[in-house]
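Q: Have a look at the structure that comes next, please.
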Amino acid sequence: MALPAQDERTMPAAVLSGLDDKPLDHALTELHTLTEQYGHVVVLCSQATPEPVVRRLYTLRSLLESDRIALFRPGLPPLAVAVLARQLRQLASCDLSPGVLASAGRLLTHYLHAGAVLGSVAKLDRVPVGLKAHARSWVPGSQFAVVAHPEPQLVKVAPGATLDGPEFGTWMLVAKGQLQSDWAAGLGTAWNVHGLRETPLPAESPVWWGTGRLIEFCSYLADLSVLYQLVTSVRRTSCHWCGMDVIGDRCVFCSATPPAHEPPRAPDRRTPA
């Protein structure tokens, strides 16, 4: 899902839809055209993306024999993947090299808080669910609040129930599925978000969460200057395999890791300003 632009500098998104339904040569032409137009392409997709689509992506990259296409499947819920894609689109307007921009995705995941309000956790396998929660899931009217990232949390929706949130200022995005609840909006108040916005539910969300009775939410950093400061404050290195400038311990374009590197320092989630 491509979210609307955050500001006038946000680069447009290119949506590769229906890859597994198109003839191979048509899909190949589409991706080749994007690569030639922009120089490098970073493809983000959810881990709930159907496997035929993922296989087609790897097939296309292999046939193009291109080291200018990066495939990134972060372990985030679908709404958070859409938010991350927009953050990278914001940063694409800055003076960042393709390798740094692509690897910035792994850094920025640390500053996303993603979860959902669910009408059932019976089929939820992304977050540890205890036997009591499974049993309560069968009680009519039960609702559960879950944070899947950065640390798993699960509570039964009830007066006084809450979830730990970010220790810095964020905005919150909410996507409503087949569930009626104001709990996510109340959570935004508890997390002291700057504001709350709504968007349609991503198509992959019911698969990821195990139910269509949900309201997905994600809190995130919206200011481009803060995102840029975070990315440029990290030491850059050159990938020993493809030569790309990268941040972190892995090149997103060729998946190579340095033969020897310092252990990455855990980001301080309290410092964005």
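For the structure tokens, the naming scheme is as follows: chains receive sequential letters (A, B, ...) according to their order of presentation, residues are indexed from 1 within each chain, and ligands are indexed from 1 in presentation order.
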Tell me which protein, DNA and RNA residues are within 9 Å of A:Gln180, counting only C-alpha atoms, leaving out same-chain ones fewer than 5 positions away, and put them as a list in words.

A: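 Final neighbour list, sorted by chain and number: Arg213, Leu214 and Ile215 of chain A.
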
Q: Mind the document's chain letters and residue numbers, and return as a PyMOL selection string the residues of stretch 183-273 of chain A that DSSP labels alpha helix (DSSP H).

A: chain A and resi 183-190+205-209+224-232

Q: So the first atom is atom CA of A:Thr189 and the second is atom CA of A:Trp209; what is the distance between them in Å, to one decimal place?

A: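 So the two atoms, atom CA of A:Thr189 and atom CA of A:Trp209, lie 23.6 Å apart.
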
Q: Report, in Å to a single decimal, how far apart atom CA of A:Ser17 and atom CA of A:Tyr220 are.

A: 25.5 Å

Q: Which stretch 2-74 of chain A residues have any atom within 10 Å of an atom of stretch 99-112 of chain A, and for each, what is the nearest pair of atoms with distance in Å to one decimal, counting only C-alpha atoms, rows sorted by chain and number, as JSON lines?

A:
```
{"residue": "A:His40", "atom": "CA", "partner": "A:Gly99", "partner_atom": "CA", "distance": 9.1}
{"residue": "A:Val41", "atom": "CA", "partner": "A:Ala102", "partner_atom": "CA", "distance": 8.8}
{"residue": "A:Val42", "atom": "CA", "partner": "A:Ala102", "partner_atom": "CA", "distance": 6.3}
{"residue": "A:Val43", "atom": "CA", "partner": "A:Ala102", "partner_atom": "CA", "distance": 9.2}
{"residue": "A:Leu44", "atom": "CA", "partner": "A:Gly105", "partner_atom": "CA", "distance": 9.3}
{"residue": "A:Arg68", "atom": "CA", "partner": "A:Gly99", "partner_atom": "CA", "distance": 9.4}
{"residue": "A:Ile69", "atom": "CA", "partner": "A:Ala102", "partner_atom": "CA", "distance": 9.8}
{"residue": "A:Ala70", "atom": "CA", "partner": "A:Ala102", "partner_atom": "CA", "distance": 7.3}
{"residue": "A:Leu71", "atom": "CA", "partner": "A:Ala102", "partner_atom": "CA", "distance": 9.3}
{"residue": "A:Phe72", "atom": "CA", "partner": "A:Gly105", "partner_atom": "CA", "distance": 8.3}
{"residue": "A:Arg73", "atom": "CA", "partner": "A:Arg106", "partner_atom": "CA", "distance": 9.9}
{"residue": "A:Pro74", "atom": "CA", "partner": "A:Arg106", "partner_atom": "CA", "distance": 7.5}
```

Q: Write down as a count of residues only the residues belonging to stretch 17-123 of chain A that are assigned strand (DSSP E or B) by DSSP computed on the backbone.

A: 14

Q: Do a neighbour search on A:Val83 at 8 Å with only C-alpha atoms, toss out local chain neighbours closer than 2 positions, and write the hits as an MDAnalysis selection string.

A: chainID A and resid 3 79:81 85:87 218 220

Q: From the list A:Trp208, A:Val146, A:Leu173, A:Thr162, which residue is nearest A:Gly75 when using only C-alpha atoms?

A: A:Trp208

Q: Using atom CA of A:Phe217 and atom CA of A:Ala114 as the two end points, give the distance in Å to one decimal.

A: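 Going from atom CA of A:Phe217 over to atom CA of A:Ala114, I get 5.9 Å.
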
Q: Can you pull out the residues contacting A:Leu96? Cut-off 12 Å, using only C-alpha atoms, and skip same-chain residues under 5 positions away; I want them as an MDAnalysis selection string.

A: chainID A and resid 88:91 101:104 227:229 231:232 236 244:247

Q: Okay, now the selection with N, CA and C atoms, as a PDB file, in the first residue's frame?

A:
```
ATOM      1  N   LEU A  88      11.157   6.414   3.634  1.00  0.00           N
ATOM      2  CA  LEU A  88      12.243   6.305   2.657  1.00  0.00           C
ATOM      3  C   LEU A  88      11.979   7.200   1.449  1.00  0.00           C
ATOM      4  N   ARG A  89      10.715   7.361   1.087  1.00  0.00           N
ATOM      5  CA  ARG A  89      10.370   8.280   0.003  1.00  0.00           C
ATOM      6  C   ARG A  89      10.676   9.721   0.407  1.00  0.00           C
ATOM      7  N   GLN A  90      10.467  10.056   1.680  1.00  0.00           N
ATOM      8  CA  GLN A  90      10.840  11.384   2.167  1.00  0.00           C
ATOM      9  C   GLN A  90      12.356  11.590   2.048  1.00  0.00           C
ATOM     10  N   LEU A  91      13.107  10.594   2.505  1.00  0.00           N
ATOM     11  CA  LEU A  91      14.565  10.703   2.504  1.00  0.00           C
ATOM     12  C   LEU A  91      15.149  10.673   1.093  1.00  0.00           C
ATOM     13  N   LEU A 101      20.451   5.100   1.602  1.00  0.00           N
ATOM     14  CA  LEU A 101      18.985   5.195   1.646  1.00  0.00           C
ATOM     15  C   LEU A 101      18.364   3.819   1.855  1.00  0.00           C
ATOM     16  N   ALA A 102      18.855   2.820   1.129  1.00  0.00           N
ATOM     17  CA  ALA A 102      18.286   1.479   1.251  1.00  0.00           C
ATOM     18  C   ALA A 102      18.517   0.898   2.644  1.00  0.00           C
ATOM     19  N   SER A 103      19.739   1.059   3.166  1.00  0.00           N
ATOM     20  CA  SER A 103      20.030   0.504   4.488  1.00  0.00           C
ATOM     21  C   SER A 103      19.421   1.332   5.612  1.00  0.00           C
ATOM     22  N   ALA A 104      18.983   2.558   5.315  1.00  0.00           N
ATOM     23  CA  ALA A 104      18.289   3.368   6.320  1.00  0.00           C
ATOM     24  C   ALA A 104      16.990   2.702   6.756  1.00  0.00           C
ATOM     25  N   LEU A 227      14.361  12.529  10.584  1.00  0.00           N
ATOM     26  CA  LEU A 227      14.751  11.302   9.883  1.00  0.00           C
ATOM     27  C   LEU A 227      16.144  11.453   9.285  1.00  0.00           C
ATOM     28  N   TYR A 228      16.397  12.583   8.673  1.00  0.00           N
ATOM     29  CA  TYR A 228      17.706  12.827   8.048  1.00  0.00           C
ATOM     30  C   TYR A 228      18.817  12.848   9.099  1.00  0.00           C
ATOM     31  N   GLN A 229      18.538  13.477  10.239  1.00  0.00           N
ATOM     32  CA  GLN A 229      19.531  13.534  11.313  1.00  0.00           C
ATOM     33  C   GLN A 229      19.869  12.140  11.828  1.00  0.00           C
ATOM     34  N   VAL A 231      19.681   9.265  10.201  1.00  0.00           N
ATOM     35  CA  VAL A 231      20.415   8.490   9.203  1.00  0.00           C
ATOM     36  C   VAL A 231      21.854   8.995   9.057  1.00  0.00           C
ATOM     37  N   THR A 232      22.029  10.299   9.016  1.00  0.00           N
ATOM     38  CA  THR A 232      23.363  10.847   8.789  1.00  0.00           C
ATOM     39  C   THR A 232      24.250  10.797  10.032  1.00  0.00           C
ATOM     40  N   ARG A 236      29.124   5.578   8.160  1.00  0.00           N
ATOM     41  CA  ARG A 236      28.990   4.921   6.862  1.00  0.00           C
ATOM     42  C   ARG A 236      30.220   4.064   6.567  1.00  0.00           C
ATOM     43  N   MET A 244      28.963  -0.367  -2.471  1.00  0.00           N
ATOM     44  CA  MET A 244      27.965   0.620  -2.066  1.00  0.00           C
ATOM     45  C   MET A 244      28.321   1.220  -0.709  1.00  0.00           C
ATOM     46  N   ASP A 245      28.029   2.523  -0.543  1.00  0.00           N
ATOM     47  CA  ASP A 245      28.069   3.123   0.787  1.00  0.00           C
ATOM     48  C   ASP A 245      26.855   2.646   1.552  1.00  0.00           C
ATOM     49  N   VAL A 246      27.053   2.146   2.779  1.00  0.00           N
ATOM     50  CA  VAL A 246      25.947   1.616   3.572  1.00  0.00           C
ATOM     51  C   VAL A 246      26.091   2.078   5.011  1.00  0.00           C
ATOM     52  N   ILE A 247      25.015   1.940   5.761  1.00  0.00           N
ATOM     53  CA  ILE A 247      25.058   2.093   7.205  1.00  0.00           C
ATOM     54  C   ILE A 247      24.555   0.780   7.801  1.00  0.00           C
TER      55      ILE A 247
END
```

Q: Considering only C-alpha atoms, can you say which of A:Ser93, A:Thr35, A:Gln47, A:Ser62 comes closest to A:Pro12?

A: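 Once distances to A:Pro12 are computed over only C-alpha atoms, the minimum belongs to A:Ser93.
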
Q: Residues near stretch 117-127 of chain A, anyone? I mean within 7 Å using only C-alpha atoms, not counting same-chain ones fewer than 4 positions away, as a short mmCIF file (atom, residue, chain, number, x, y, z; two decimals) with N, CA and C atoms, in the first residue's frame.

A:
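What landed in selection_27.cif:
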```cif
data_model
loop_
_atom_site.label_atom_id
_atom_site.label_comp_id
_atom_site.auth_asym_id
_atom_site.auth_seq_id
_atom_site.Cartn_x
_atom_site.Cartn_y
_atom_site.Cartn_z
N HIS A 134 -5.93 -17.06 24.54
CA HIS A 134 -6.60 -17.90 23.55
C HIS A 134 -8.01 -18.25 24.00
N SER A 137 -10.34 -15.37 23.82
CA SER A 137 -10.61 -14.98 22.45
C SER A 137 -11.93 -15.55 21.94
N SER A 142 -14.97 -9.99 23.08
CA SER A 142 -13.62 -9.77 23.60
C SER A 142 -12.76 -9.05 22.56
N GLN A 143 -11.91 -8.16 23.05
CA GLN A 143 -10.97 -7.46 22.19
C GLN A 143 -9.60 -7.45 22.86
N PHE A 144 -8.57 -7.47 22.05
CA PHE A 144 -7.21 -7.51 22.56
C PHE A 144 -6.38 -6.42 21.87
N ALA A 145 -5.50 -5.80 22.62
CA ALA A 145 -4.58 -4.80 22.08
C ALA A 145 -3.19 -5.42 22.04
N VAL A 146 -2.54 -5.28 20.91
CA VAL A 146 -1.25 -5.95 20.68
C VAL A 146 -0.25 -4.96 20.11
N ALA A 148 3.29 -5.44 18.16
CA ALA A 148 4.16 -6.46 17.57
C ALA A 148 5.60 -5.99 17.45
N PRO A 152 7.16 -7.29 21.71
CA PRO A 152 5.81 -7.85 21.76
C PRO A 152 5.09 -7.52 23.07
N LEU A 179 -13.82 -4.00 12.62
CA LEU A 179 -13.93 -3.95 14.08
C LEU A 179 -14.29 -2.54 14.49
N ALA A 184 -7.81 2.44 20.01
CA ALA A 184 -6.57 2.90 19.38
C ALA A 184 -6.42 4.41 19.50
N TRP A 209 -2.26 -10.50 10.79
CA TRP A 209 -2.81 -10.53 12.15
C TRP A 209 -3.70 -11.73 12.43
N GLY A 210 -4.04 -12.49 11.41
CA GLY A 210 -4.85 -13.68 11.62
C GLY A 210 -6.34 -13.43 11.75
N THR A 211 -6.80 -12.22 11.46
CA THR A 211 -8.22 -11.90 11.53
C THR A 211 -8.47 -10.60 10.76
N ARG A 213 -11.06 -8.80 11.74
CA ARG A 213 -11.68 -7.97 12.78
C ARG A 213 -10.56 -7.27 13.56
N LEU A 214 -10.09 -6.16 13.01
CA LEU A 214 -8.94 -5.48 13.60
C LEU A 214 -8.95 -4.00 13.28
N ILE A 215 -8.18 -3.27 14.07
CA ILE A 215 -7.82 -1.88 13.79
C ILE A 215 -6.31 -1.79 13.97
N GLU A 216 -5.60 -1.55 12.90
CA GLU A 216 -4.14 -1.53 12.95
C GLU A 216 -3.66 -0.10 13.22
#
```

Q: Restricting the calculation to only C-alpha atoms: of A:Leu221, A:Val129, A:Ala48, A:Cys239, which residue gets closest to A:Phe168?

A: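 For A:Phe168, the nearest of the given residues is A:Leu221.
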
Q: Using only C-alpha atoms, which residues sit within 9 Å of A:Val147 once same-chain residues fewer than 6 positions away are excluded, as a short mmCIF file (atom, residue, chain, number, x, y, z; two decimals) with C-alpha atoms, in the first residue's frame?

A:
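Saved file result06.cif follows:
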```cif
data_model
loop_
_atom_site.label_atom_id
_atom_site.label_comp_id
_atom_site.auth_asym_id
_atom_site.auth_seq_id
_atom_site.Cartn_x
_atom_site.Cartn_y
_atom_site.Cartn_z
CA HIS A 113 5.77 1.23 17.25
CA ALA A 114 3.29 -1.00 15.46
CA GLY A 115 0.30 -2.94 16.70
CA ALA A 116 -3.42 -3.54 16.43
CA VAL A 117 -6.68 -3.94 18.30
CA VAL A 127 3.16 -12.32 18.92
CA GLN A 153 2.98 -6.86 24.11
CA LEU A 154 -0.57 -8.13 24.52
CA LEU A 163 0.57 -0.60 26.25
CA ASP A 164 4.10 0.77 26.53
CA GLY A 165 4.82 3.26 23.78
#
```

Q: Which of these, A:Pro50, A:Gly39, A:Val234, A:Leu57, has the shortest distance to A:Leu16 once you count only C-alpha atoms?

A: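 So, comparing all the options, the nearest one is A:Leu57.
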